[in-house]
>>> print(open('protein-v1.cif').read())   # mmCIF, C-alpha atoms
data_query
#
loop_
_atom_site.label_atom_id
_atom_site.label_comp_id
_atom_site.auth_asym_id
_atom_site.auth_seq_id
_atom_site.Cartn_x
_atom_site.Cartn_y
_atom_site.Cartn_z
CA MET A 1 35.70 -70.90 -1.90
CA ASN A 2 32.91 -69.83 -4.28
CA LEU A 3 30.29 -71.69 -2.25
CA ALA A 4 31.52 -70.13 1.00
CA TRP A 5 31.61 -66.61 -0.45
CA LYS A 6 28.13 -66.97 -2.00
CA GLU A 7 26.68 -67.92 1.38
CA ILE A 8 28.40 -64.97 3.07
CA LYS A 9 26.88 -62.59 0.50
CA LYS A 10 23.49 -64.23 0.91
CA ASN A 11 23.54 -63.95 4.73
CA LYS A 12 25.37 -60.61 5.04
CA VAL A 13 23.68 -59.56 8.28
CA ARG A 14 24.45 -62.80 10.16
CA PHE A 15 28.09 -62.83 9.18
CA LEU A 16 28.39 -59.08 9.81
CA ILE A 17 27.11 -59.61 13.37
CA LEU A 18 29.62 -62.43 13.92
CA GLY A 19 32.45 -60.35 12.44
CA SER A 20 31.53 -57.37 14.65
CA ILE A 21 31.58 -59.52 17.79
CA ILE A 22 34.94 -61.09 16.85
CA PHE A 23 36.30 -57.59 16.14
CA LEU A 24 35.20 -56.30 19.56
CA VAL A 25 36.55 -59.34 21.42
CA SER A 26 39.90 -59.31 19.58
CA PHE A 27 40.26 -55.53 19.92
CA LEU A 28 39.62 -55.75 23.67
CA THR A 29 42.15 -58.62 23.87
CA PHE A 30 44.82 -56.55 22.08
CA ILE A 31 44.20 -53.57 24.37
CA ILE A 32 44.43 -55.67 27.55
CA SER A 33 47.55 -57.41 26.19
CA GLY A 34 49.11 -53.99 25.55
CA LEU A 35 48.30 -52.94 29.11
CA ALA A 36 49.74 -56.20 30.49
CA ASN A 37 52.99 -55.66 28.58
CA GLY A 38 53.10 -51.99 29.55
CA LEU A 39 52.55 -52.72 33.24
CA SER A 40 55.16 -55.47 33.04
CA GLN A 41 57.71 -52.95 31.75
CA ASP A 42 56.61 -50.33 34.26
CA ASN A 43 57.00 -52.86 37.07
CA ALA A 44 60.29 -54.49 36.12
CA ALA A 45 62.01 -52.90 33.11
CA LEU A 46 65.26 -52.77 35.11
CA ILE A 47 65.27 -56.59 35.33
CA LYS A 48 63.63 -57.41 31.99
CA ASP A 49 66.25 -55.44 30.06
CA LEU A 50 69.04 -57.62 31.45
CA PRO A 51 70.35 -60.51 29.30
CA LYS A 52 69.47 -64.09 30.16
CA GLY A 53 71.40 -65.38 33.13
CA HIS A 54 70.95 -66.21 36.79
CA PHE A 55 70.33 -64.14 39.91
CA TYR A 56 71.73 -65.23 43.24
CA MET A 57 70.38 -64.17 46.61
CA ALA A 58 70.98 -65.36 50.15
CA GLU A 59 69.36 -68.73 50.78
CA ASP A 60 67.85 -67.64 54.10
CA ALA A 61 66.04 -64.74 52.38
CA GLU A 62 63.54 -67.33 51.05
CA GLY A 63 62.94 -65.54 47.77
CA THR A 64 62.52 -62.06 49.25
CA PHE A 65 65.34 -59.98 47.78
CA ASN A 66 64.83 -57.16 50.30
CA LEU A 67 65.90 -59.55 53.05
CA SER A 68 68.90 -60.90 51.16
CA ARG A 69 72.39 -60.13 52.49
CA ILE A 70 75.39 -61.64 50.68
CA ASP A 71 78.58 -61.64 52.70
CA SER A 72 81.34 -59.56 51.08
CA ASN A 73 83.78 -62.49 51.13
CA LEU A 74 81.28 -64.73 49.35
CA GLN A 75 80.58 -61.93 46.88
CA GLN A 76 84.28 -61.61 46.05
CA GLU A 77 84.58 -65.38 45.67
CA VAL A 78 81.70 -65.57 43.17
CA MET A 79 82.80 -62.52 41.20
CA GLY A 80 86.35 -63.87 41.10
CA LYS A 81 85.07 -66.95 39.26
CA GLU A 82 82.55 -65.13 37.05
CA LYS A 83 84.26 -62.16 35.40
CA GLU A 84 80.99 -60.77 33.92
CA ALA A 85 79.09 -61.00 37.19
CA VAL A 86 77.67 -57.86 38.80
CA ALA A 87 76.60 -57.40 42.43
CA PHE A 88 73.78 -54.96 43.10
CA SER A 89 71.13 -53.86 45.58
CA ILE A 90 67.66 -52.34 45.16
CA GLN A 91 65.68 -50.42 47.75
CA MET A 92 62.60 -48.23 47.48
CA GLY A 93 62.98 -44.68 48.74
CA PHE A 94 62.54 -41.04 47.80
CA LEU A 95 64.43 -37.95 46.71
CA ASN A 96 63.65 -34.34 47.59
CA ASP A 97 63.74 -32.10 44.51
CA LYS A 98 64.70 -28.41 44.40
CA ASP A 99 61.14 -27.45 45.49
CA ASP A 100 61.47 -29.89 48.43
CA LYS A 101 58.85 -32.23 46.92
CA GLN A 102 59.37 -35.93 47.52
CA GLN A 103 59.76 -38.12 44.41
CA SER A 104 59.40 -41.86 44.91
CA VAL A 105 62.26 -43.83 43.35
CA ALA A 106 63.94 -47.24 43.38
CA PHE A 107 67.56 -46.77 44.46
CA VAL A 108 70.01 -49.05 42.63
CA SER A 109 73.66 -49.46 43.59
CA SER A 110 76.00 -51.87 41.81
CA THR A 111 79.59 -52.87 41.30
CA GLU A 112 81.22 -51.60 38.10
CA SER A 113 79.49 -53.15 35.09
CA THR A 114 78.15 -52.35 31.62
CA LEU A 115 74.75 -53.70 32.72
CA PHE A 116 74.13 -50.85 35.19
CA LYS A 117 74.99 -47.17 35.19
CA ASN A 118 78.11 -46.41 37.19
CA VAL A 119 78.07 -43.21 39.24
CA HIS A 120 80.47 -41.49 41.61
CA GLN A 121 79.86 -40.37 45.17
CA GLY A 122 77.34 -37.50 45.29
CA GLU A 123 75.95 -38.21 41.79
CA VAL A 124 72.68 -39.73 40.62
CA ILE A 125 71.36 -40.91 37.25
CA LEU A 126 67.57 -41.04 36.97
CA ASP A 127 64.89 -42.57 34.80
CA SER A 128 63.72 -40.07 32.19
CA SER A 129 60.14 -40.07 33.54
CA LEU A 130 61.34 -37.75 36.32
CA GLN A 131 62.03 -35.06 33.71
CA GLU A 132 58.27 -34.67 33.48
CA LYS A 133 58.33 -33.75 37.18
CA GLY A 134 60.62 -30.83 36.39
CA ILE A 135 63.95 -32.41 37.35
CA GLN A 136 66.84 -31.48 35.05
CA ILE A 137 70.53 -32.29 34.66
CA GLY A 138 72.52 -30.34 37.24
CA ASP A 139 69.70 -30.19 39.80
CA VAL A 140 70.66 -30.86 43.41
CA LEU A 141 68.54 -33.51 45.16
CA THR A 142 68.58 -34.67 48.77
CA ASN A 143 67.49 -37.59 50.89
CA ASN A 144 66.69 -37.44 54.60
CA GLN A 145 68.86 -40.50 55.28
CA TYR A 146 71.87 -39.14 53.41
CA SER A 147 74.16 -36.48 54.82
CA GLY A 148 75.30 -35.20 51.43
CA GLU A 149 73.58 -34.12 48.21
CA PHE A 150 72.96 -35.77 44.85
CA ILE A 151 73.74 -33.93 41.61
CA VAL A 152 71.72 -35.16 38.62
CA LYS A 153 74.27 -36.29 36.02
CA GLY A 154 71.92 -37.71 33.40
CA PHE A 155 68.81 -39.71 32.51
CA VAL A 156 68.14 -43.19 31.15
CA GLU A 157 65.13 -44.38 29.16
CA GLN A 158 62.63 -46.92 30.48
CA LYS A 159 64.31 -47.99 33.69
CA LYS A 160 61.55 -48.75 36.19
CA PHE A 161 61.24 -51.05 39.17
CA SER A 162 58.06 -51.74 41.11
CA HIS A 163 56.32 -48.94 39.15
CA SER A 164 58.90 -46.40 40.33
CA PRO A 165 61.66 -44.65 38.36
CA VAL A 166 65.14 -45.98 39.01
CA ALA A 167 67.82 -43.81 40.65
CA TYR A 168 71.40 -45.07 40.24
CA ILE A 169 73.56 -44.04 43.20
CA SER A 170 77.05 -44.89 44.43
CA LYS A 171 77.81 -47.79 46.76
CA GLU A 172 78.95 -45.39 49.50
CA ALA A 173 75.70 -43.40 49.39
CA TYR A 174 73.61 -46.58 49.46
CA GLN A 175 75.49 -47.94 52.47
CA GLU A 176 75.03 -44.71 54.42
CA MET A 177 71.33 -44.45 53.60
CA TYR A 178 70.39 -48.04 54.46
CA ARG A 179 73.06 -48.79 57.07
CA VAL A 180 74.22 -51.96 55.31
CA LYS A 181 77.56 -53.08 53.91
CA ASP A 182 76.52 -56.35 52.28
CA ILE A 183 75.05 -56.48 48.79
CA GLN A 184 71.63 -58.05 48.11
CA LEU A 185 72.04 -59.79 44.75
CA ILE A 186 74.57 -61.14 42.27
CA PHE A 187 73.69 -61.46 38.60
CA VAL A 188 75.70 -63.68 36.27
CA PRO A 189 74.76 -63.09 32.61
CA ASN A 190 74.72 -65.83 29.96
CA SER A 191 75.24 -68.62 32.48
CA GLY A 192 73.63 -71.84 33.59
CA SER A 193 72.43 -72.43 37.13
CA GLU A 194 75.30 -73.26 39.46
CA ASP A 195 75.04 -74.46 43.04
CA ILE A 196 76.80 -71.97 45.31
CA ASN A 197 76.91 -72.56 49.03
CA GLU A 198 74.51 -70.28 51.00
CA LEU A 199 73.05 -68.80 47.78
CA GLN A 200 69.85 -69.58 45.88
CA ALA A 201 69.83 -69.28 42.08
CA TYR A 202 66.92 -67.84 40.09
CA SER A 203 66.42 -67.56 36.34
CA ASN A 204 65.23 -64.21 34.92
CA LYS A 205 61.61 -65.35 34.93
CA GLU A 206 61.83 -66.83 38.42
CA PHE A 207 63.37 -63.66 39.80
CA LEU A 208 60.63 -61.51 38.23
CA ASN A 209 58.09 -63.53 40.20
CA THR A 210 59.83 -62.57 43.45
CA ILE A 211 58.97 -58.90 42.83
CA PRO A 212 55.94 -57.93 44.95
CA SER A 213 52.75 -57.55 42.86
CA TYR A 214 54.43 -58.57 39.56
CA ASN A 215 53.15 -62.14 39.44
CA ALA A 216 49.64 -61.32 40.69
CA GLU A 217 49.34 -58.38 38.29
CA GLN A 218 50.42 -60.37 35.22
CA LEU A 219 48.42 -63.46 36.17
CA SER A 220 45.19 -61.47 36.47
CA LEU A 221 45.61 -59.74 33.11
CA ASN A 222 46.70 -62.90 31.29
CA MET A 223 43.67 -64.77 32.64
CA ILE A 224 41.41 -62.09 31.17
CA ILE A 225 43.22 -62.33 27.81
CA TRP A 226 42.84 -66.12 27.56
CA PHE A 227 39.26 -65.93 28.80
CA LEU A 228 38.46 -63.60 25.88
CA VAL A 229 40.22 -65.94 23.45
CA VAL A 230 38.13 -68.89 24.69
CA ILE A 231 34.97 -66.78 24.34
CA SER A 232 35.82 -66.12 20.69
CA GLY A 233 36.13 -69.88 20.08
CA MET A 234 32.76 -70.49 21.74
CA LEU A 235 31.20 -67.77 19.56
CA PHE A 236 32.37 -69.53 16.40
CA ALA A 237 31.13 -72.91 17.64
CA ILE A 238 27.68 -71.56 18.61
CA PHE A 239 27.28 -69.44 15.46
CA PHE A 240 28.15 -72.20 12.98
CA TYR A 241 26.18 -74.77 14.99
CA MET A 242 23.02 -72.65 14.70
CA MET A 243 23.72 -72.06 11.00
CA ASN A 244 24.18 -75.80 10.43
CA VAL A 245 20.96 -76.68 12.26
CA GLN A 246 19.04 -74.32 9.96
CA LYS A 247 20.68 -75.86 6.87
CA ILE A 248 20.31 -79.57 7.64
CA GLY A 249 17.89 -79.99 4.73
CA LEU A 250 20.25 -78.15 2.36
CA TYR A 251 23.20 -80.27 3.46
CA GLY A 252 21.10 -83.40 2.91
CA ILE A 253 20.38 -82.36 -0.68
CA LEU A 254 24.03 -81.47 -1.32
CA LYS A 255 25.20 -84.83 0.06
CA ALA A 256 22.50 -86.60 -1.99
CA ILE A 257 23.82 -85.09 -5.24
CA GLY A 258 27.33 -86.23 -4.39
CA LEU A 259 28.95 -83.31 -2.54
CA LYS A 260 31.50 -84.72 -0.12
CA THR A 261 31.48 -83.93 3.59
CA SER A 262 35.04 -82.62 3.28
CA ARG A 263 33.78 -79.93 0.85
CA LEU A 264 31.21 -78.79 3.42
CA PHE A 265 33.93 -78.60 6.09
CA LYS A 266 36.13 -76.58 3.72
CA MET A 267 33.23 -74.17 3.21
CA ILE A 268 32.86 -73.64 6.98
CA TRP A 269 36.64 -73.21 7.42
CA THR A 270 36.81 -70.74 4.55
CA GLN A 271 33.98 -68.67 6.03
CA MET A 272 35.73 -68.74 9.42
CA VAL A 273 39.04 -67.56 7.91
CA ILE A 274 37.39 -64.75 5.91
CA ILE A 275 35.39 -63.42 8.87
CA THR A 276 38.28 -63.75 11.34
CA ALA A 277 40.86 -62.24 8.99
CA LEU A 278 38.71 -59.19 8.20
CA SER A 279 37.89 -58.68 11.90
CA LEU A 280 41.56 -59.02 12.88
CA VAL A 281 42.73 -56.56 10.20
CA VAL A 282 40.42 -53.90 11.64
CA SER A 283 41.19 -54.66 15.31
CA VAL A 284 44.97 -54.87 14.74
CA SER A 285 44.93 -51.55 12.84
CA LEU A 286 42.96 -49.78 15.57
CA SER A 287 45.08 -51.28 18.37
CA GLN A 288 48.28 -50.08 16.67
CA VAL A 289 46.75 -46.62 16.28
CA PHE A 290 45.92 -46.70 20.00
CA ASN A 291 49.53 -47.77 20.68
CA VAL A 292 50.66 -44.51 19.06
CA VAL A 293 48.03 -42.12 20.48
CA ALA A 294 47.79 -43.62 24.00
CA PRO A 295 48.36 -41.01 26.75
CA LYS A 296 52.01 -40.69 27.69
CA GLY A 297 51.42 -41.66 31.30
CA MET A 298 49.58 -44.86 30.35
CA PRO A 299 51.79 -48.00 30.55
CA PHE A 300 50.80 -49.44 27.16
CA THR A 301 53.13 -51.49 24.96
CA LEU A 302 51.83 -53.58 22.06
CA THR A 303 54.56 -55.06 19.90
CA PHE A 304 54.15 -56.50 16.41
CA GLY A 305 55.25 -59.90 17.74
CA THR A 306 52.52 -59.95 20.41
CA THR A 307 49.91 -58.88 17.86
CA THR A 308 50.96 -61.63 15.44
CA GLN A 309 50.91 -64.31 18.15
CA LEU A 310 47.43 -63.34 19.36
CA SER A 311 46.14 -63.19 15.76
CA MET A 312 47.39 -66.74 15.15
CA VAL A 313 45.74 -67.89 18.39
CA PHE A 314 42.43 -66.36 17.29
CA LEU A 315 42.64 -68.18 13.94
CA ILE A 316 43.45 -71.51 15.63
CA ILE A 317 40.66 -71.12 18.21
CA GLY A 318 38.26 -70.12 15.41
CA PHE A 319 39.27 -73.21 13.42
CA ILE A 320 38.65 -75.45 16.44
CA GLY A 321 35.28 -73.84 17.17
CA ALA A 322 34.13 -74.07 13.54
CA THR A 323 35.30 -77.70 13.29
CA LEU A 324 33.47 -78.76 16.47
CA SER A 325 30.27 -77.16 15.21
CA GLY A 326 30.64 -78.96 11.86
CA LEU A 327 30.94 -82.44 13.36
CA GLN A 328 27.17 -82.81 13.07
CA ILE A 329 27.51 -82.57 9.27
CA LYS A 330 29.27 -85.96 9.23
CA LYS A 331 26.22 -87.56 10.89
CA ILE A 332 23.74 -86.18 8.38
CA GLU A 333 21.96 -88.87 6.32
CA PRO A 334 20.72 -87.33 3.03
CA LEU A 335 17.15 -88.79 3.06
CA GLN A 336 16.57 -88.16 6.77
CA ALA A 337 17.95 -84.60 6.49
CA ILE A 338 15.72 -83.80 3.46
CA GLN A 339 12.64 -85.07 5.31
CA GLN A 340 13.61 -83.10 8.43
CA GLY A 341 14.16 -79.97 6.31
CA GLU A 342 10.76 -80.38 4.65
CA ALA A 343 9.08 -80.90 8.02
#
>>> encode(input="protein-v1.cif", output="structure tokens")
Amino acid sequence: MNLAWKEIKKNKVRFLILGSIIFLVSFLTFIISGLANGLSQDNAALIKDLPKGHFYMAEDAEGTFNLSRIDSNLQQEVMGKEKEAVAFSIQMGFLNDKDDKQQSVAFVSSTESTLFKNVHQGEVILDSSLQEKGIQIGDVLTNNQYSGEFIVKGFVEQKKFSHSPVAYISKEAYQEMYRVKDIQLIFVPNSGSEDINELQAYSNKEFLNTIPSYNAEQLSLNMIIWFLVVISGMLFAIFFYMMNVQKIGLYGILKAIGLKTSRLFKMIWTQMVIITALSLVVSVSLSQVFNVVAPKGMPFTLTFGTTTQLSMVFLIIGFIGATLSGLQIKKIEPLQAIQQGEA
């Protein structure tokens, strides 16, 4: 520890440059991770907030829930066996507000359940983001495909689907608007996968991947995150490799006077931990500040759990990079290294 700290103090500028780069890479990683989580919630909070279970859609829909139609008799049969099951449908659409402006929404209609908001004919419950558009409780909204009117009965927090606020409507209103009687999906919470004739089962994660744009959006952002993590590991490997090359003569002398190779490795690991920990403390602090001050319309969510996981990954990658760069120390022969250092 003393040897590692003395070298850091002796080469302040070098280690400060490395620490600054690790800070920038980790800070950028935290920001992108926050955006990935925020976009994930903005795209599918309605589904992600449900407990673990299984979704069932028509087999011939081939994973496209919009095309799924579950026969009412089959629906009754499944829900008769599974008392906690809920049948629901989702369709994108719009509502006209009191100023006759169209607001894009995701209409959701379901059977009676604690998992979804239950509304009566002519009522609607909206995601709270629509309050920012001037919509209030008691407002009368319309839809061109619906003969009646919707009275806003309340708001719910963070209920989005496909980047649109959710609008809970009655089964009767949904059927009139979309000219369908059959439901699209059945969700059975806290259950294992069960083979049901004419239906295909999906876990929560599998169903999320059926949502248009969700998988591609998350895959792109996660690739950037892991690419930045790999870059940080390469930075450690290159930095300590260059440092070791410059100190071959010094290492030769230290090994000649009896210092074990394991002590030299411990010195490199200690330096890696100190630099990484200090960089992460700063980047984590700033990313959490950004989490608080981020603009309200920006889909940004950075949890403590995500921050901790990424910090551990950075430490592990740093350890691997530093270790790989230190493998050359094992090959150093004291006399040869001293002669090379003198040359």
>>> atom_distance(input="protein-v1.cif", atom1="atom CA of A:Ile125", atom2="atom CA of A:Gly154")
5.0 Å
>>> atom_distance(input="protein-v1.cif", atom1="atom CA of A:Asn43", atom2="atom CA of A:Pro212")
9.4 Å
>>> resolve_selection(input="protein-v1.cif", expression="the PyMOL selection byres ((chain A and resi 261-264) around 10)", output="list in words")
Met1, Leu3, Ala4, Tyr251, Leu254, Lys255, Gly258, Leu259, Lys260, Phe265, Lys266, Met267, Ile268, Trp269, Thr270, Gly326, Leu327, Ile329, Lys330, Lys331 and Ile332 of chain A
>>> closest_residue(input="protein-v1.cif", among="A:Gly38, A:Gly321, A:Gly233, A:Gly122", to="A:Thr301", atoms="all atoms listed in the file")
A:Gly38
>>> residues_around(input="protein-v1.cif", residues="A:Gly19", least_positions_apart="4", cutoff="12 Å", atoms="only C-alpha atoms", output="PDB file with C-alpha atoms, in the coordinates of the input")
ATOM      1  CA  ILE A   8      28.400 -64.970   3.070  1.00  0.00           C
ATOM      2  CA  LYS A  12      25.370 -60.610   5.040  1.00  0.00           C
ATOM      3  CA  VAL A  13      23.680 -59.560   8.280  1.00  0.00           C
ATOM      4  CA  ARG A  14      24.450 -62.800  10.160  1.00  0.00           C
ATOM      5  CA  PHE A  15      28.090 -62.830   9.180  1.00  0.00           C
ATOM      6  CA  PHE A  23      36.300 -57.590  16.140  1.00  0.00           C
ATOM      7  CA  LEU A  24      35.200 -56.300  19.560  1.00  0.00           C
ATOM      8  CA  VAL A  25      36.550 -59.340  21.420  1.00  0.00           C
ATOM      9  CA  SER A  26      39.900 -59.310  19.580  1.00  0.00           C
ATOM     10  CA  PHE A  27      40.260 -55.530  19.920  1.00  0.00           C
ATOM     11  CA  SER A 232      35.820 -66.120  20.690  1.00  0.00           C
ATOM     12  CA  LEU A 235      31.200 -67.770  19.560  1.00  0.00           C
ATOM     13  CA  PHE A 236      32.370 -69.530  16.400  1.00  0.00           C
ATOM     14  CA  PHE A 239      27.280 -69.440  15.460  1.00  0.00           C
ATOM     15  CA  GLN A 271      33.980 -68.670   6.030  1.00  0.00           C
ATOM     16  CA  MET A 272      35.730 -68.740   9.420  1.00  0.00           C
ATOM     17  CA  VAL A 273      39.040 -67.560   7.910  1.00  0.00           C
ATOM     18  CA  ILE A 274      37.390 -64.750   5.910  1.00  0.00           C
ATOM     19  CA  ILE A 275      35.390 -63.420   8.870  1.00  0.00           C
ATOM     20  CA  THR A 276      38.280 -63.750  11.340  1.00  0.00           C
ATOM     21  CA  ALA A 277      40.860 -62.240   8.990  1.00  0.00           C
ATOM     22  CA  LEU A 278      38.710 -59.190   8.200  1.00  0.00           C
ATOM     23  CA  SER A 279      37.890 -58.680  11.900  1.00  0.00           C
ATOM     24  CA  LEU A 280      41.560 -59.020  12.880  1.00  0.00           C
ATOM     25  CA  VAL A 281      42.730 -56.560  10.200  1.00  0.00           C
ATOM     26  CA  VAL A 282      40.420 -53.900  11.640  1.00  0.00           C
ATOM     27  CA  SER A 283      41.190 -54.660  15.310  1.00  0.00           C
ATOM     28  CA  GLY A 318      38.260 -70.120  15.410  1.00  0.00           C
TER      29      GLY A 318
END
>>> atom_distance(input="protein-v1.cif", atom1="atom CA of A:Phe161", atom2="atom CA of A:Glu206")
15.8 Å
>>> closest_residue(input="protein-v1.cif", among="A:Glu176, A:Asp97, A:Asp42, A:Glu132", to="A:Ile151", atoms="all atoms listed in the file")
A:Asp97
>>> closest_residue(input="protein-v1.cif", among="A:Leu126, A:Leu199, A:Ile225, A:Leu18", to="A:Met57", atoms="only C-alpha atoms")
A:Leu199
>>> closest_atom_pairs(input="protein-v1.cif", of="stretch 9-58 of chain A", to="stretch 69-78 of chain A", cutoff="12 Å", atoms="all atoms listed in the file", output="CSV")
residue,atom,partner,partner_atom,distance
A:Phe55,CA,A:Val78,CA,11.9
A:Tyr56,CA,A:Ile70,CA,9.0
A:Met57,CA,A:Ile70,CA,6.9
A:Ala58,CA,A:Ile70,CA,5.8
>>> write_last_selection(input="protein-v1.cif", atoms="C-alpha atoms", output="compact mmCIF listing (two decimals), in the frame of the given file")
# COMPACT_ATOMS: atom_id res chain seq x y z
CA PHE A 55 70.33 -64.14 39.91
CA TYR A 56 71.73 -65.23 43.24
CA MET A 57 70.38 -64.17 46.61
CA ALA A 58 70.98 -65.36 50.15
>>> closest_residue(input="protein-v1.cif", among="A:Gly252, A:Lys6, A:Glu112, A:Val229", to="A:Met312", atoms="all atoms listed in the file")
A:Val229
>>> closest_residue(input="protein-v1.cif", among="A:Lys159, A:Lys296, A:Lys247, A:Lys181", to="A:Ser89", atoms="only C-alpha atoms")
A:Lys181
>>> residues_near_point(input="protein-v1.cif", point="(74.0, -36.7, 34.1)", cutoff="12 Å", atoms="only C-alpha atoms", output="MDAnalysis selection string")
chainID A and resid 117:120 122:128 135:140 150:156 167:169
